[in-house]
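Quick look at protein_3.pdb (PDB, C-alpha atoms):
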ATOM      1  CA  ILE A 908     141.149 175.485  58.944
ATOM      2  CA  TYR A 909     140.873 171.728  58.615
ATOM      3  CA  ASP A 910     143.808 169.450  57.770
ATOM      4  CA  GLY A 911     145.847 172.554  56.817
ATOM      5  CA  GLN A 912     143.203 173.733  54.333
ATOM      6  CA  PRO A 913     141.043 176.841  54.916
ATOM      7  CA  TYR A 914     137.318 176.443  54.199
ATOM      8  CA  PHE A 915     135.000 179.416  53.892
ATOM      9  CA  ASN A 916     131.239 179.674  54.448
ATOM     10  CA  ALA A 917     131.030 176.160  55.872
ATOM     11  CA  LYS A 918     127.946 175.469  57.972
ATOM     12  CA  LEU A 919     129.282 174.609  61.415
ATOM     13  CA  LYS A 920     127.881 173.807  64.810
ATOM     14  CA  TYR A 921     129.946 173.650  67.964
ATOM     15  CA  ASP A 922     128.849 171.230  70.671
ATOM     16  CA  ILE A 923     130.271 172.898  73.777
ATOM     17  CA  TYR A 924     129.378 169.966  76.034
ATOM     18  CA  LYS A 925     131.368 167.433  73.968
ATOM     19  CA  ASP A 926     133.879 170.005  72.633
ATOM     20  CA  GLN A 927     133.008 168.720  69.156
ATOM     21  CA  LEU A 928     132.855 170.648  65.875
ATOM     22  CA  ILE A 929     130.102 169.471  63.509
ATOM     23  CA  LEU A 930     129.941 170.217  59.784
ATOM     24  CA  ASN A 931     126.654 170.319  57.884
ATOM     25  CA  PRO A 932     127.614 169.189  54.353
ATOM     26  CA  PRO A 933     126.596 171.486  51.469
ATOM     27  CA  GLU A 934     123.089 170.923  50.097
ATOM     28  CA  GLN A 935     122.193 168.544  52.937
ATOM     29  CA  PRO A 936     119.384 168.923  55.486
ATOM     30  CA  GLU A 937     120.417 170.778  58.628
ATOM     31  CA  HIS A 938     119.993 167.711  60.848
ATOM     32  CA  ILE A 939     122.767 165.858  58.978
ATOM     33  CA  GLY A 940     126.199 166.484  60.415
ATOM     34  CA  ILE A 941     129.722 165.184  60.264
ATOM     35  CA  ASN A 942     131.842 165.241  63.406
ATOM     36  CA  LEU A 943     135.176 166.741  62.435
ATOM     37  CA  ILE A 944     138.351 165.187  63.802
ATOM     38  CA  GLN A 945     139.706 167.514  66.481
ATOM     39  CA  ASP A 946     143.353 166.671  65.716
ATOM     40  CA  LYS A 947     142.843 167.925  62.150
ATOM     41  CA  THR A 948     140.908 171.067  63.092
ATOM     42  CA  GLU A 949     143.245 174.012  63.645
ATOM     43  CA  SER A 950     140.699 176.810  64.029
ATOM     44  CA  PHE A 951     137.210 177.982  63.123
ATOM     45  CA  PHE A 952     134.979 181.047  63.237
ATOM     46  CA  ILE A 953     131.418 180.768  64.489
ATOM     47  CA  TYR A 954     129.033 183.599  65.413
ATOM     48  CA  GLY A 955     131.846 186.103  64.910
ATOM     49  CA  LYS A 956     134.115 184.360  67.414
ATOM     50  CA  ASN A 957     137.492 182.850  66.578
ATOM     51  CA  PHE A 958     138.216 179.441  68.110
ATOM     52  CA  VAL A 959     141.582 177.690  68.015
ATOM     53  CA  LYS A 960     142.653 174.240  69.124
ATOM     54  CA  ILE A 961     145.236 174.248  71.888
ATOM     55  CA  THR A 962     146.944 171.037  72.936
ATOM     56  CA  LYS A 963     147.908 170.208  76.512
ATOM     57  CA  ASN A 964     151.600 169.904  75.601
ATOM     58  CA  LYS A 965     151.653 173.559  74.488
ATOM     59  CA  THR A 966     151.225 174.737  78.087
ATOM     60  CA  GLU A 967     152.805 174.004  81.442
ATOM     61  CA  ILE A 968     149.440 174.137  83.222
ATOM     62  CA  PRO A 969     148.916 170.739  84.916
ATOM     63  CA  ASP A 970     145.115 170.452  84.542
ATOM     64  CA  PHE A 971     144.912 172.047  81.086
ATOM     65  CA  THR A 972     142.642 170.190  78.650
ATOM     66  CA  THR A 973     143.291 169.888  74.922
ATOM     67  CA  GLY A 974     140.381 171.407  73.036
ATOM     68  CA  TYR A 975     138.854 174.435  71.370
ATOM     69  CA  TYR A 976     139.375 177.838  72.985
ATOM     70  CA  GLU A 977     137.940 181.185  71.961
ATOM     71  CA  LEU A 978     140.862 183.414  71.013
ATOM     72  CA  ILE A 979     140.755 187.122  71.762
ATOM     73  CA  LYS A 980     143.877 188.882  70.511
ATOM     74  CA  ILE A 981     144.776 191.676  72.907
ATOM     75  CA  GLY A 982     148.142 192.668  71.428
ATOM     76  CA  ASN A 983     151.612 191.422  70.491
ATOM     77  CA  ASN A 984     152.457 188.324  72.548
ATOM     78  CA  PHE A 985     149.281 188.854  74.569
ATOM     79  CA  ASN A 986     146.142 186.741  74.039
ATOM     80  CA  LEU A 987     143.104 185.868  76.093
ATOM     81  CA  TYR A 988     141.632 182.385  75.686
ATOM     82  CA  ILE A 989     138.194 181.420  76.905
ATOM     83  CA  LYS A 990     137.275 177.759  77.285
ATOM     84  CA  HIS A 991     133.520 177.371  76.892
ATOM     85  CA  TYR A 992     132.099 174.258  78.518
ATOM     86  CA  LYS A 993     128.865 172.977  80.002
ATOM     87  CA  ASP A 994     128.098 171.011  83.119
ATOM     88  CA  ILE A 995     125.201 168.592  82.872
ATOM     89  CA  LEU A 996     122.579 168.195  85.557
ATOM     90  CA  LYS A 997     120.523 165.007  85.387
ATOM     91  CA  GLU A 998     117.188 165.090  87.166
ATOM     92  CA  ILE A 999     115.050 161.979  87.540
ATOM     93  CA  LYS A1000     111.304 162.558  87.941
ATOM     94  CA  GLU A1001     108.198 160.425  87.546
ATOM     95  CA  GLU A1002     107.702 161.797  84.014
ATOM     96  CA  GLY A1003     111.201 160.779  82.965
ATOM     97  CA  ILE A1004     114.807 161.915  82.995
ATOM     98  CA  PHE A1005     115.482 165.585  82.398
ATOM     99  CA  TYR A1006     118.825 167.139  81.528
ATOM    100  CA  SER A1007     119.846 170.738  81.970
ATOM    101  CA  PHE A1008     123.139 172.337  81.037
ATOM    102  CA  ASN A1009     124.955 175.201  82.737
ATOM    103  CA  GLU A1010     127.415 177.084  80.542
ATOM    104  CA  LYS A1011     130.691 177.874  82.244
ATOM    105  CA  TYR A1012     134.003 179.445  81.269
ATOM    106  CA  GLN A1013     137.669 178.968  82.046
ATOM    107  CA  TYR A1014     140.114 181.807  81.276
ATOM    108  CA  TYR A1015     143.718 181.628  80.162
ATOM    109  CA  ILE A1016     146.219 184.324  79.265
ATOM    110  CA  GLU A1017     149.080 183.832  76.850
ATOM    111  CA  TYR A1018     151.691 186.428  77.658
ATOM    112  CA  GLN A1019     155.176 186.473  76.157
ATOM    113  CA  GLY A1020     154.844 182.876  74.972
ATOM    114  CA  LYS A1021     153.697 181.442  78.309
ATOM    115  CA  TYR A1022     150.184 180.334  79.320
ATOM    116  CA  TYR A1023     148.574 181.258  82.629
ATOM    117  CA  GLU A1024     145.275 180.160  84.108
ATOM    118  CA  THR A1025     143.289 183.008  85.566
ATOM    119  CA  ASN A1026     140.063 182.761  87.525
ATOM    120  CA  ASN A1027     140.194 185.735  89.852
ATOM    121  CA  LYS A1028     141.907 189.000  90.689
ATOM    122  CA  THR A1029     144.619 187.315  92.762
ATOM    123  CA  SER A1030     145.756 185.138  89.857
ATOM    124  CA  ILE A1031     145.823 188.163  87.526
ATOM    125  CA  VAL A1032     147.910 190.183  90.004
ATOM    126  CA  LYS A1033     150.373 187.249  90.242
ATOM    127  CA  ILE A1034     150.867 187.425  86.466
ATOM    128  CA  PHE A1035     151.112 191.234  86.369
ATOM    129  CA  PRO A1036     152.382 192.349  89.811
ATOM    130  CA  LYS A1037     153.583 195.728  88.489
ATOM    131  CA  ASN A1038     149.995 196.513  87.432
ATOM    132  CA  LYS A1039     148.362 195.782  90.792
ATOM    133  CA  LYS A1040     147.061 199.354  91.216
ATOM    134  CA  GLU A1041     145.459 199.399  87.739
ATOM    135  CA  ILE A1042     143.927 195.956  88.313
ATOM    136  CA  ASN A1043     142.437 196.959  91.682
ATOM    137  CA  ALA A1044     141.108 200.221  90.234
ATOM    138  CA  PHE A1045     139.602 198.395  87.250
ATOM    139  CA  TYR A1046     137.849 195.887  89.530
ATOM    140  CA  GLN A1047     136.382 198.690  91.661
ATOM    141  CA  LYS A1048     135.251 200.768  88.696
ATOM    142  CA  ASN A1049     133.734 197.841  86.740
ATOM    143  CA  ARG A1050     132.264 195.693  89.503
ATOM    144  CA  SER A1051     128.780 195.665  87.929
ATOM    145  CA  ILE A1052     130.099 194.462  84.542
ATOM    146  CA  SER A1053     132.018 191.654  86.263
ATOM    147  CA  LYS A1054     128.723 190.328  87.609
ATOM    148  CA  THR A1055     126.649 190.699  84.408
ATOM    149  CA  ASP A1056     129.153 189.917  81.617
ATOM    150  CA  TYR A1057     132.416 188.494  82.920
ATOM    151  CA  ASN A1058     133.692 187.747  79.396
ATOM    152  CA  LEU A1059     133.451 191.440  78.491
ATOM    153  CA  PHE A1060     134.937 192.372  81.863
ATOM    154  CA  ILE A1061     138.018 190.124  81.520
ATOM    155  CA  ASN A1062     138.527 191.213  77.896
ATOM    156  CA  SER A1063     138.437 194.888  78.924
ATOM    157  CA  LEU A1064     140.751 194.240  81.884
ATOM    158  CA  MET A1065     143.326 192.482  79.680
ATOM    159  CA  THR A1066     143.170 195.356  77.172
ATOM    160  CA  THR A1067     143.720 197.836  80.018
ATOM    161  CA  ILE A1068     146.711 195.858  81.320
ATOM    162  CA  TYR A1069     148.176 195.556  77.818
ATOM    163  CA  HIS A1070     147.968 199.328  77.251
ATOM    164  CA  SER A1071     149.439 199.999  80.684
ATOM    165  CA  ILE A1072     152.386 197.675  79.981
ATOM    166  CA  ASN A1073     153.045 199.271  76.579
ATOM    167  CA  ASN A1074     152.757 202.833  77.907
ATOM    168  CA  SER A1075     155.301 202.137  80.662
ATOM    169  CA  LYS A1076     157.956 200.945  78.171
TER     170      LYS A1076
END
What would you get if you wrote out this structure as structure tokens?
Amino acid sequence: IYDGQPYFNAKLKYDIYKDQLILNPPEQPEHIGINLIQDKTESFFIYGKNFVKITKNKTEIPDFTTGYYELIKIGNNFNLYIKHYKDILKEIKEEGIFYSFNEKYQYYIEYQGKYYETNNKTSIVKIFPKNKKEINAFYQKNRSISKTDYNLFINSLMTTIYHSINNSK
């Protein structure tokens, strides 16, 4: 959704390092791109993932950065946001300068209209203290997934917490 208007089947690329959405205009070679204005871009889908723009003033998190976040809807008033970003490593050798990028993630939970940063079990337990037993059990049971695919792990954990909260009501 750009400037309030939905566009379908647009050829998009997402530069994670610069947090920039790039449009390949119709009937143009793939190497031609237009950088879309972030303030006008509300959301986009790419590779089956839904990304939304969240502004810093929407949260009370001090070091929150305005940008695109992958949105995973868990339930009513309960969303998981994943910030994809890359760190750059510059290596100077005799042959020239070489760059490598390491993809990293930052996780945020929107629960009952409030945003929380979450990077570990302790921060999750602070948000959901009544679910401490379920969180500890989930971590023990799914330790291998947390090491191989943390995005899947955190998504599954949030779904488990959501169902636990709704079943206790």
Evaluate the PyMOL selection byres ((chain A and resi 926-933) around 10) and record the selected residues as JSON, numbers by chain, following the chain and residue labels used in the document. {"A": [916, 917, 918, 919, 920, 921, 922, 923, 924, 925, 934, 935, 936, 937, 938, 939, 940, 941, 942, 943, 944, 945, 948, 951, 973, 974, 975, 976, 990, 991, 992, 993]}
Mind telling me what the PyMOL selection byres ((chain A and resi 1020) around 10) catches here, as an MDAnalysis selection string? chainID A and resid 965:966 984:986 1016:1019 1021:1022
Taking only C-alpha atoms into account, name the residue in A:Tyr1012, A:Ile1034, A:Leu978, A:Asp910 that is nearest to A:Asp946.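 With only C-alpha atoms as the atom set, the closest residue is A:Asp910.
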Between A:Lys1039, A:Lys980, A:Lys1000, A:Arg1050, single out the one closest to A:Lys956, counting only C-alpha atoms. A:Lys980
Which residues, named as in the file, does the PyMOL selection byres ((chain A and resi 1040-1044) around 12) pick out? Answer as a PyMOL selection string. chain A and resi 1027-1039+1045-1050+1060-1061+1063-1072
If you keep C-alpha atoms, can you produce a file of those selected residues as a CSV table (one decimal), keeping the file's coordinate frame?
chain,number,residue,atom,x,y,z
A,1027,ASN,CA,140.2,185.7,89.9
A,1028,LYS,CA,141.9,189.0,90.7
A,1029,THR,CA,144.6,187.3,92.8
A,1030,SER,CA,145.8,185.1,89.9
A,1031,ILE,CA,145.8,188.2,87.5
A,1032,VAL,CA,147.9,190.2,90.0
A,1033,LYS,CA,150.4,187.2,90.2
A,1034,ILE,CA,150.9,187.4,86.5
A,1035,PHE,CA,151.1,191.2,86.4
A,1036,PRO,CA,152.4,192.3,89.8
A,1037,LYS,CA,153.6,195.7,88.5
A,1038,ASN,CA,150.0,196.5,87.4
A,1039,LYS,CA,148.4,195.8,90.8
A,1045,PHE,CA,139.6,198.4,87.2
A,1046,TYR,CA,137.8,195.9,89.5
A,1047,GLN,CA,136.4,198.7,91.7
A,1048,LYS,CA,135.3,200.8,88.7
A,1049,ASN,CA,133.7,197.8,86.7
A,1050,ARG,CA,132.3,195.7,89.5
A,1060,PHE,CA,134.9,192.4,81.9
A,1061,ILE,CA,138.0,190.1,81.5
A,1063,SER,CA,138.4,194.9,78.9
A,1064,LEU,CA,140.8,194.2,81.9
A,1065,MET,CA,143.3,192.5,79.7
A,1066,THR,CA,143.2,195.4,77.2
A,1067,THR,CA,143.7,197.8,80.0
A,1068,ILE,CA,146.7,195.9,81.3
A,1069,TYR,CA,148.2,195.6,77.8
A,1070,HIS,CA,148.0,199.3,77.3
A,1071,SER,CA,149.4,200.0,80.7
A,1072,ILE,CA,152.4,197.7,80.0
Two-atom distance - atom CA of A:Lys960, atom CA of A:Asp1056 (Å): 24.2 Å
Draw an axis-aligned box over all listed atoms of stretch 991-1009 of chain A, pad each side with 5 Å, and write its centre and edge lengths in Å, one decimal, as JSON.
{"center_x": 120.6, "center_y": 168.9, "center_z": 82.4, "size_x": 35.8, "size_y": 26.9, "size_z": 21.0}
Have a look at atom CA of A:Tyr1014 and atom CA of A:Leu987 and let me know their distance in Å, one decimal.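 The value is 7.2 Å.
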Provide the atom CA of A:Tyr1015 to atom CA of A:Asn983 distance in Å, to one decimal place.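 Interatomic distance, atom CA of A:Tyr1015 to atom CA of A:Asn983: 15.9 Å.
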Measuring atom to atom with all atoms listed in the file, identify which of A:Tyr1023, A:Tyr909, A:Phe971, A:Tyr988 is nearest to A:Asn957.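 Looking at the shortest contact to A:Asn957, the residue is A:Tyr988.
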Compile the contact shell of A:Leu996 as a PyMOL selection string: residues with an atom at most 9 Å away, counting all atoms listed in the file, same-chain residues fewer than 2 positions apart removed. chain A and resi 994+998+1005-1009
